[in-house]
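File shown: model-v7.cif. Contents: mmCIF, C-alpha atoms and all ligand atoms.
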data_coords
#
loop_
_atom_site.label_atom_id
_atom_site.label_comp_id
_atom_site.auth_asym_id
_atom_site.auth_seq_id
_atom_site.Cartn_x
_atom_site.Cartn_y
_atom_site.Cartn_z
CA MET A 1 -17.96 -7.63 -12.72
CA PRO A 2 -14.44 -9.04 -13.09
CA VAL A 3 -11.99 -7.90 -10.43
CA LEU A 4 -8.71 -6.09 -11.14
CA ASN A 5 -6.79 -8.29 -8.72
CA SER A 6 -3.51 -6.39 -8.78
CA LEU A 7 -5.27 -3.07 -8.28
CA ASP A 8 -7.40 -4.29 -5.38
CA ALA A 9 -4.36 -5.91 -3.78
CA LEU A 10 -2.43 -2.65 -4.09
CA ILE A 11 -5.28 -0.66 -2.51
CA GLU A 12 -5.55 -3.15 0.36
CA ALA A 13 -1.78 -3.04 0.96
CA LEU A 14 -1.76 0.79 0.96
CA LYS A 15 -4.54 0.76 3.58
CA ARG A 16 -2.10 -0.82 6.02
CA LEU A 17 -0.21 2.49 6.13
CA PRO A 18 -1.17 4.59 9.19
CA GLY A 19 -3.71 7.31 8.38
CA VAL A 20 -4.62 5.80 5.02
CA GLY A 21 -8.25 4.74 4.53
CA GLN A 22 -10.09 3.32 1.53
CA LYS A 23 -10.41 6.67 -0.28
CA SER A 24 -6.78 7.71 0.22
CA ALA A 25 -5.55 4.26 -0.80
CA GLN A 26 -7.60 4.38 -4.00
CA ARG A 27 -6.33 7.86 -4.73
CA MET A 28 -2.72 6.75 -4.15
CA ALA A 29 -3.07 3.66 -6.34
CA TYR A 30 -4.69 5.53 -9.24
CA HIS A 31 -2.15 8.33 -8.94
CA LEU A 32 0.80 5.93 -9.08
CA LEU A 33 -0.63 3.94 -11.98
CA GLN A 34 -1.56 6.96 -14.06
CA HIS A 35 1.07 9.55 -13.20
CA ASP A 36 4.05 8.05 -11.39
CA ARG A 37 4.77 4.48 -12.45
CA LEU A 38 8.46 4.95 -11.67
CA ALA A 39 7.64 5.55 -8.01
CA MET A 40 6.22 2.04 -7.72
CA PRO A 41 9.41 -0.05 -8.09
CA ARG A 42 11.26 2.63 -6.12
CA LEU A 43 8.92 2.30 -3.16
CA ALA A 44 8.86 -1.49 -3.51
CA ASP A 45 12.66 -1.62 -3.40
CA ALA A 46 12.82 0.81 -0.47
CA LEU A 47 10.34 -1.29 1.52
CA THR A 48 12.25 -4.49 0.78
CA ALA A 49 15.63 -2.98 1.63
CA ALA A 50 14.33 -1.38 4.84
CA GLY A 51 12.65 -4.59 5.95
CA GLU A 52 15.80 -6.59 5.34
CA ASN A 53 18.45 -4.14 6.54
CA ILE A 54 16.96 -2.28 9.47
CA LYS A 55 17.41 -4.12 12.76
CA HIS A 56 17.72 -2.83 16.31
CA CYS A 57 20.97 -1.51 17.80
CA GLU A 58 22.26 -4.06 20.30
CA ARG A 59 23.14 -1.33 22.77
CA CYS A 60 20.30 1.26 22.66
CA HIS A 61 17.65 -0.68 20.70
CA THR A 62 16.96 2.08 18.16
CA PHE A 63 16.71 1.23 14.45
CA SER A 64 20.10 0.54 12.93
CA GLU A 65 21.57 -1.19 9.92
CA ALA A 66 24.76 -1.98 11.82
CA PRO A 67 24.83 -4.10 15.02
CA ILE A 68 25.72 -0.90 16.93
CA CYS A 69 24.03 2.33 15.78
CA GLY A 70 25.85 5.50 14.77
CA VAL A 71 25.08 7.29 18.05
CA CYS A 72 26.24 4.42 20.26
CA ALA A 73 29.38 4.04 18.12
CA ASP A 74 30.22 7.74 18.47
CA VAL A 75 32.90 8.01 21.20
CA GLU A 76 32.70 11.80 21.12
CA ARG A 77 29.34 11.87 22.87
CA ASP A 78 28.86 12.64 26.55
CA ALA A 79 28.91 9.28 28.35
CA ARG A 80 27.60 10.87 31.56
CA LEU A 81 24.13 11.29 30.05
CA LEU A 82 21.69 8.54 29.14
CA CYS A 83 18.34 9.59 27.66
CA VAL A 84 15.43 7.15 27.80
CA VAL A 85 12.80 7.43 25.03
CA GLU A 86 9.84 5.33 23.96
CA THR A 87 10.50 4.94 20.24
CA PRO A 88 13.17 5.35 17.55
CA ALA A 89 11.03 8.20 16.17
CA ASP A 90 11.30 10.01 19.52
CA GLN A 91 15.05 9.48 19.51
CA ALA A 92 15.27 10.86 15.96
CA ALA A 93 13.25 13.93 17.02
CA LEU A 94 15.65 14.56 19.93
CA GLU A 95 18.64 14.18 17.61
CA ARG A 96 17.17 16.75 15.23
CA THR A 97 17.10 19.35 18.01
CA ALA A 98 20.91 19.13 18.07
CA SER A 99 20.76 20.07 21.77
CA TYR A 100 21.58 16.70 23.31
CA ARG A 101 25.01 15.11 23.13
CA GLY A 102 24.62 12.05 25.37
CA TYR A 103 23.57 8.50 24.60
CA TYR A 104 20.13 6.90 24.39
CA PHE A 105 18.13 3.91 25.48
CA VAL A 106 15.00 3.18 23.44
CA LEU A 107 12.26 1.30 25.30
CA LEU A 108 10.36 0.35 22.12
CA GLY A 109 7.13 0.96 24.03
CA ARG A 110 5.84 2.15 27.37
CA LEU A 111 4.31 0.41 30.33
CA SER A 112 0.75 -0.61 29.54
CA PRO A 113 -0.30 -3.49 31.80
CA LEU A 114 -3.68 -3.85 30.08
CA ASP A 115 -1.87 -4.54 26.80
CA GLY A 116 0.54 -6.95 28.47
CA ILE A 117 3.44 -4.52 28.24
CA GLY A 118 5.35 -4.68 31.51
CA THR A 119 8.87 -3.86 32.64
CA ARG A 120 10.20 -6.91 30.79
CA GLN A 121 8.75 -5.85 27.43
CA ILE A 122 10.34 -2.39 27.62
CA GLY A 123 13.73 -3.84 28.60
CA ALA A 124 13.83 -2.25 32.07
CA ALA A 125 16.49 -4.68 33.33
CA GLU A 126 18.78 -3.85 30.42
CA LEU A 127 18.21 -0.16 31.01
CA LEU A 128 19.11 -0.50 34.70
CA ALA A 129 22.28 -2.43 33.84
CA ARG A 130 23.18 0.22 31.29
CA ALA A 131 22.47 3.05 33.76
CA ALA A 132 24.69 1.33 36.34
CA GLU A 133 27.73 1.65 34.07
CA GLU A 134 30.37 3.76 35.77
CA SER A 135 30.34 6.63 33.29
CA VAL A 136 26.60 7.35 33.65
CA GLU A 137 25.81 10.23 36.00
CA GLU A 138 22.29 11.10 34.97
CA VAL A 139 19.41 9.30 33.30
CA ILE A 140 17.04 11.66 31.49
CA LEU A 141 13.55 10.16 31.32
CA ALA A 142 12.09 11.46 28.05
CA THR A 143 9.03 9.27 27.79
CA SER A 144 5.84 10.91 26.52
CA PHE A 145 3.73 13.16 28.72
CA THR A 146 0.77 10.84 28.44
CA ALA A 147 -0.64 8.78 31.32
CA GLU A 148 1.32 5.71 30.22
CA GLY A 149 4.48 7.68 29.50
CA GLU A 150 4.31 9.34 32.93
CA ALA A 151 3.72 5.98 34.64
CA THR A 152 6.70 4.53 32.77
CA ALA A 153 8.91 7.43 33.84
CA HIS A 154 7.71 7.08 37.46
CA VAL A 155 8.43 3.35 37.63
CA LEU A 156 11.87 3.78 36.06
CA ALA A 157 12.71 6.74 38.32
CA GLU A 158 11.86 4.68 41.42
CA ALA A 159 13.97 1.75 40.23
CA LEU A 160 16.90 4.05 39.43
CA LYS A 161 16.59 5.81 42.80
CA ALA A 162 16.67 2.45 44.60
CA ARG A 163 20.03 1.84 42.90
CA GLY A 164 21.35 5.27 43.80
CA ILE A 165 21.23 6.53 40.20
CA LYS A 166 20.09 10.11 39.58
CA SER A 167 17.27 10.58 37.11
CA THR A 168 15.63 13.67 35.65
CA ARG A 169 12.52 14.22 33.61
CA LEU A 170 12.10 16.44 30.56
CA ALA A 171 10.68 19.80 31.66
CA ARG A 172 6.97 20.27 31.34
CA GLY A 173 7.47 22.60 28.42
CA VAL A 174 6.22 19.71 26.38
CA PRO A 175 2.42 20.00 26.03
CA VAL A 176 0.63 17.44 28.20
CA GLY A 177 -1.13 14.76 26.19
CA SER A 178 1.15 14.99 23.20
CA GLU A 179 3.57 12.45 21.81
CA LEU A 180 7.18 13.57 21.57
CA GLU A 181 7.49 12.63 17.91
CA TYR A 182 5.00 15.34 16.92
CA VAL A 183 6.24 18.15 19.15
CA ASP A 184 8.05 21.05 17.50
CA LEU A 185 11.81 20.97 17.88
CA GLY A 186 12.13 24.28 19.76
CA THR A 187 9.81 23.04 22.50
CA ILE A 188 11.82 19.84 22.82
CA ALA A 189 15.05 21.83 22.99
CA HIS A 190 13.70 24.04 25.82
CA ALA A 191 12.37 21.04 27.67
CA LEU A 192 15.84 19.49 27.50
CA THR A 193 17.50 22.62 28.89
CA ASP A 194 14.95 22.92 31.71
CA ARG A 195 15.06 19.27 32.70
CA ARG A 196 14.64 18.77 36.42
CA MET B 1 25.76 11.84 12.37
CA PRO B 2 25.75 8.60 10.39
CA VAL B 3 22.75 8.22 8.10
CA LEU B 4 20.35 5.29 8.19
CA ASN B 5 20.34 4.89 4.44
CA SER B 6 17.52 2.38 4.17
CA LEU B 7 15.29 4.42 6.47
CA ASP B 8 15.89 7.69 4.66
CA ALA B 9 15.32 5.98 1.31
CA LEU B 10 12.03 4.56 2.59
CA ILE B 11 10.88 7.97 3.84
CA GLU B 12 11.78 9.59 0.51
CA ALA B 13 9.93 6.89 -1.43
CA LEU B 14 6.83 7.25 0.74
CA LYS B 15 6.84 11.01 0.09
CA ARG B 16 6.10 10.26 -3.59
CA LEU B 17 2.62 9.13 -2.55
CA PRO B 18 0.01 11.87 -3.09
CA GLY B 19 -0.86 13.74 0.10
CA VAL B 20 2.16 12.40 1.99
CA GLY B 21 4.69 14.96 3.27
CA GLN B 22 7.85 14.59 5.34
CA LYS B 23 6.03 14.13 8.67
CA SER B 24 3.52 11.59 7.36
CA ALA B 25 6.25 9.67 5.56
CA GLN B 26 8.34 9.50 8.75
CA ARG B 27 5.32 8.39 10.72
CA MET B 28 4.54 5.68 8.14
CA ALA B 29 8.11 4.41 8.04
CA TYR B 30 8.49 4.22 11.82
CA HIS B 31 5.07 2.62 12.16
CA LEU B 32 5.88 -0.08 9.61
CA LEU B 33 9.31 -0.80 11.12
CA GLN B 34 8.11 -0.93 14.70
CA HIS B 35 4.58 -2.29 14.48
CA ASP B 36 3.85 -3.84 11.09
CA ARG B 37 6.90 -5.39 9.46
CA LEU B 38 4.72 -7.89 7.63
CA ALA B 39 3.00 -5.07 5.76
CA MET B 40 6.31 -4.10 4.15
CA PRO B 41 6.90 -7.10 1.86
CA ARG B 42 3.16 -7.21 1.23
CA LEU B 43 3.09 -3.64 -0.03
CA ALA B 44 6.34 -4.17 -1.95
CA ASP B 45 4.86 -7.21 -3.70
CA ALA B 46 1.58 -5.41 -4.42
CA LEU B 47 3.45 -2.48 -5.98
CA THR B 48 5.60 -4.75 -8.10
CA ALA B 49 2.64 -6.86 -9.27
CA ALA B 50 0.52 -3.81 -10.04
CA GLY B 51 3.34 -2.12 -11.94
CA GLU B 52 3.96 -5.23 -14.02
CA ASN B 53 0.41 -6.45 -14.57
CA ILE B 54 -1.76 -3.37 -14.91
CA LYS B 55 -1.84 -2.03 -18.47
CA HIS B 56 -4.51 -0.10 -20.34
CA CYS B 57 -7.52 -1.75 -21.98
CA GLU B 58 -7.00 -1.62 -25.76
CA ARG B 59 -10.61 -0.66 -26.30
CA CYS B 60 -11.55 1.85 -23.56
CA HIS B 61 -8.07 2.70 -22.14
CA THR B 62 -9.00 2.07 -18.49
CA PHE B 63 -6.64 0.05 -16.27
CA SER B 64 -6.77 -3.65 -17.06
CA GLU B 65 -4.67 -6.74 -16.56
CA ALA B 66 -6.12 -8.32 -19.71
CA PRO B 67 -5.76 -6.74 -23.18
CA ILE B 68 -9.52 -6.05 -23.06
CA CYS B 69 -11.01 -5.02 -19.69
CA GLY B 70 -13.89 -6.74 -17.95
CA VAL B 71 -16.41 -4.08 -18.90
CA CYS B 72 -15.47 -4.04 -22.59
CA ALA B 73 -15.49 -7.87 -22.65
CA ASP B 74 -19.00 -7.99 -21.13
CA VAL B 75 -21.40 -8.58 -24.06
CA GLU B 76 -24.40 -8.10 -21.78
CA ARG B 77 -23.89 -4.35 -21.52
CA ASP B 78 -25.86 -1.77 -23.50
CA ALA B 79 -23.87 -1.10 -26.68
CA ARG B 80 -26.01 1.94 -27.48
CA LEU B 81 -24.36 3.95 -24.70
CA LEU B 82 -20.75 5.16 -24.57
CA CYS B 83 -19.67 7.15 -21.51
CA VAL B 84 -16.58 9.37 -21.73
CA VAL B 85 -14.63 9.94 -18.49
CA GLU B 86 -11.29 11.53 -17.68
CA THR B 87 -9.68 8.82 -15.55
CA PRO B 88 -9.92 5.15 -14.56
CA ALA B 89 -10.85 6.41 -11.06
CA ASP B 90 -13.85 8.28 -12.53
CA GLN B 91 -14.89 5.15 -14.41
CA ALA B 92 -14.61 3.10 -11.21
CA ALA B 93 -16.77 5.68 -9.36
CA LEU B 94 -19.46 5.45 -12.07
CA GLU B 95 -19.34 1.64 -11.91
CA ARG B 96 -19.87 1.75 -8.16
CA THR B 97 -23.14 3.67 -8.65
CA ALA B 98 -24.48 0.53 -10.43
CA SER B 99 -26.72 2.86 -12.43
CA TYR B 100 -24.94 2.71 -15.79
CA ARG B 101 -24.92 -0.36 -18.03
CA GLY B 102 -23.22 0.95 -21.18
CA TYR B 103 -19.57 1.01 -22.21
CA TYR B 104 -16.81 3.53 -21.47
CA PHE B 105 -14.04 5.51 -23.09
CA VAL B 106 -11.34 6.81 -20.72
CA LEU B 107 -9.49 9.91 -21.93
CA LEU B 108 -6.63 9.55 -19.40
CA GLY B 109 -6.64 13.32 -19.04
CA ARG B 110 -8.51 16.42 -20.21
CA LEU B 111 -7.71 19.17 -22.63
CA SER B 112 -5.14 21.51 -21.13
CA PRO B 113 -3.30 23.38 -23.90
CA LEU B 114 -0.95 25.11 -21.46
CA ASP B 115 0.27 21.68 -20.29
CA GLY B 116 0.59 20.43 -23.86
CA ILE B 117 -2.46 18.19 -23.56
CA GLY B 118 -4.44 18.49 -26.78
CA THR B 119 -6.99 16.34 -28.63
CA ARG B 120 -4.25 13.88 -29.59
CA GLN B 121 -3.12 13.27 -26.00
CA ILE B 122 -6.67 12.45 -24.85
CA GLY B 123 -7.24 10.07 -27.80
CA ALA B 124 -10.02 12.14 -29.39
CA ALA B 125 -9.60 10.46 -32.79
CA GLU B 126 -9.99 7.01 -31.25
CA LEU B 127 -13.03 8.17 -29.32
CA LEU B 128 -14.63 9.52 -32.51
CA ALA B 129 -13.94 6.24 -34.34
CA ARG B 130 -15.42 4.33 -31.43
CA ALA B 131 -18.48 6.60 -31.27
CA ALA B 132 -19.02 6.10 -35.02
CA GLU B 133 -19.56 2.35 -34.53
CA GLU B 134 -23.02 1.40 -35.67
CA SER B 135 -24.35 0.30 -32.29
CA VAL B 136 -23.60 3.61 -30.53
CA GLU B 137 -26.64 5.89 -30.23
CA GLU B 138 -25.53 8.26 -27.49
CA VAL B 139 -22.21 9.47 -26.11
CA ILE B 140 -22.46 10.63 -22.48
CA LEU B 141 -19.78 13.20 -21.72
CA ALA B 142 -18.91 12.66 -18.05
CA THR B 143 -15.79 14.79 -17.79
CA SER B 144 -15.34 16.89 -14.65
CA PHE B 145 -17.29 20.09 -14.03
CA THR B 146 -14.10 22.10 -13.90
CA ALA B 147 -13.03 24.67 -16.49
CA GLU B 148 -10.83 22.11 -18.26
CA GLY B 149 -13.39 19.33 -17.98
CA GLU B 150 -16.10 21.60 -19.41
CA ALA B 151 -13.82 22.70 -22.26
CA THR B 152 -13.03 19.06 -23.04
CA ALA B 153 -16.74 18.17 -23.09
CA HIS B 154 -17.47 21.15 -25.34
CA VAL B 155 -14.79 20.29 -27.89
CA LEU B 156 -15.82 16.63 -27.99
CA ALA B 157 -19.53 17.54 -28.28
CA GLU B 158 -18.79 19.77 -31.28
CA ALA B 159 -16.73 17.06 -32.98
CA LEU B 160 -19.43 14.46 -32.37
CA LYS B 161 -22.15 16.82 -33.61
CA ALA B 162 -20.19 17.42 -36.84
CA ARG B 163 -20.31 13.65 -37.41
CA GLY B 164 -24.02 13.44 -36.65
CA ILE B 165 -23.52 11.64 -33.35
CA LYS B 166 -25.73 12.58 -30.39
CA SER B 167 -23.98 13.52 -27.18
CA THR B 168 -25.27 14.37 -23.71
CA ARG B 169 -23.66 15.76 -20.57
CA LEU B 170 -24.09 14.60 -16.97
CA ALA B 171 -26.63 16.83 -15.22
CA ARG B 172 -25.22 19.60 -13.08
CA GLY B 173 -27.05 20.01 -9.83
CA VAL B 174 -27.30 19.89 -6.09
CA PRO B 175 -25.46 16.89 -4.59
CA VAL B 176 -27.74 14.30 -3.03
CA GLY B 177 -27.94 14.69 0.74
CA SER B 178 -26.80 18.31 0.81
CA GLU B 179 -28.76 21.26 2.18
CA LEU B 180 -29.36 24.04 -0.29
CA GLU B 181 -28.08 26.62 2.18
CA TYR B 182 -24.58 25.18 2.02
CA VAL B 183 -24.36 24.57 -1.73
CA ASP B 184 -22.35 27.10 -3.72
CA LEU B 185 -24.40 29.54 -5.74
CA GLY B 186 -23.01 28.51 -9.13
CA THR B 187 -24.19 24.96 -8.50
CA ILE B 188 -27.65 26.16 -7.50
CA ALA B 189 -27.85 28.33 -10.61
CA HIS B 190 -26.94 25.35 -12.81
CA ALA B 191 -29.42 23.14 -10.98
CA LEU B 192 -32.11 25.72 -11.75
CA THR B 193 -31.14 25.88 -15.42
CA ASP B 194 -31.03 22.09 -15.78
CA ARG B 195 -34.25 21.51 -13.86
CA ARG B 196 -36.42 18.77 -15.28
ZN ZN C 201 22.51 2.43 19.60
ZN ZN C 202 -12.09 -1.58 -21.66
#

As structure tokens:
Amino acid sequence: MPVLNSLDALIEALKRLPGVGQKSAQRMAYHLLQHDRLAMPRLADALTAAGENIKHCERCHTFSEAPICGVCADVERDARLLCVVETPADQAALERTASYRGYYFVLLGRLSPLDGIGTRQIGAAELLARAAEESVEEVILATSFTAEGEATAHVLAEALKARGIKSTRLARGVPVGSELEYVDLGTIAHALTDRR
Amino acid sequence: MPVLNSLDALIEALKRLPGVGQKSAQRMAYHLLQHDRLAMPRLADALTAAGENIKHCERCHTFSEAPICGVCADVERDARLLCVVETPADQAALERTASYRGYYFVLLGRLSPLDGIGTRQIGAAELLARAAEESVEEVILATSFTAEGEATAHVLAEALKARGIKSTRLARGVPVGSELEYVDLGTIAHALTDRR
């Protein structure tokens, strides 16, 4: 049987999306081709633009189209607070709670020695330099409440303590075992307020 | 808060995919940006190529990059059989069973008067002309076993009968591998009626 190359290629490419298996990819491809052709160039353009334009903020490492992201460039924020998160998605979730007005540092990962992710890969030295800036009074460790997230927070807390910098941890209102990105906003807001 | 335009645009575009809501789209976008940048141009290219290359077969209306699809161009198939399905996905599912060797006609829909989909929209006249070709001995109506699919099969069967063309319907019955206890009663009743 002859192969529909473009269709198979589309299904394979859709399978690279997280949570999308063979059946979902087929369903997506057939849906687009039969019912929503206009969505195809739109998604193609959005992917191309995002891939080309979205870099990392030079200061906090979150996703940003400008060299310095909107949060870091905002002089109205509280420079006494520095919140450490694992991913840009976690940072975005915290921003959506509208209950934090300080700055961020995004690790782009968490300590995972077995995967070769050590303090260097998460930018620990840059974080420590940033935390040592005069304005910073408190570093809020908002890594996930998973084993690796807890270990990351512990290692960073010890390093900060050794430098005489105060650190706090999000309150345990956040369900253990869950990733911050998927936690409801109210829970995150309470955990921020109750930080210890 | 400044907006990451490219990121928001990507999330919006991903939400056009069937089964993808705000949370899934965010998760996909962040995953691609942080962990699989190479998948982005690949998916963009696949979407563009599919949108440009995939048309409808002039003979059976399924998706095809050539004017005539691989199945219609295959002279080895059984020209006595013509199978009518609703969508290219249905045709692909039948092909994967490897138990049908005839040709196809894809309606690209099913009768749904309330949505303005009548006999014209599903290409009924073209199907009847195709079914009237000398080689065709049997038209297998393989539309869905939903109310609209059944109505479509009924209308087409009547039109074929009026032209002296034999039509059959896929057997209704208990799905292979399922336990009777868990099959809905309507299906069991049909399986009883259609027993052979
Ligand atoms: Zn920044
Ligand atoms: Zn064809």

message: Taking every C-alpha atom in sequence order, what RMSD do you get when chain B is least-squares fitted onto chain A?
response: 5.2 Å

- request: Starting from chain B, keep only residues with some atom at most 9 Å from an atom of chain A, counting only C-alpha atoms, and report them as a PyMOL selection string.
  value: chain B and resi 1-7+9-14+16-19+23-24+26-34+36-51+53-55+63-65+69-71+74+87-89+108

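The coordinates place CA of Cys57 in chain A at 19.3 Å from CA of Leu141 in chain A.
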
How big is the axis-aligned box around the listed atoms of range 60-74 of chain A once 8 Å is added on each side, and where is its centre? Give both in Å to one decimal, as lines of an AutoDock Vina configuration file.
center_x = 23.5
center_y = 1.8
center_z = 16.3
size_x = 29.5
size_y = 27.8
size_z = 28.7

Nearest to Asp115 in chain B by atom-to-atom distance, counting only C-alpha atoms, from B:Thr168, B:Tyr103, B:Glu148, B:Arg96: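 Ranked by minimum distance to Asp115 in chain B, first place goes to B:Glu148.
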
Using only C-alpha atoms: which of A:Val139, A:Ile117, A:Leu107, A:Ala93 has the shortest distance to Gly186 in chain A: A:Ala93

- prompt: Which of these, A:Ala98, A:Ala79, A:Val155, A:Val106, has the shortest distance to Ile188 in chain A once you count only C-alpha atoms?
  reply: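 Comparing A:Ala98, A:Ala79, A:Val155, A:Val106 against Ile188 in chain A, the winner is A:Ala98.
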
message: Need the shell around Ala131 in chain A: protein/DNA/RNA residues with any atom at most 9 Å away, counting all atoms listed in the file. Skip same-chain ones fewer than 5 positions apart. Format as a list in words?
response: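 Using all atoms listed in the file, the neighbours found are Leu82, Glu126, Val136, Glu137, Glu138, Val139, Leu160 and Ile165 of chain A.
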
- prompt: What is the CA of Thr152 in chain A-CA of His190 in chain A distance in Å, reported with one decimal?
  reply: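 Interatomic distance, CA of Thr152 in chain A to CA of His190 in chain A: 21.9 Å.
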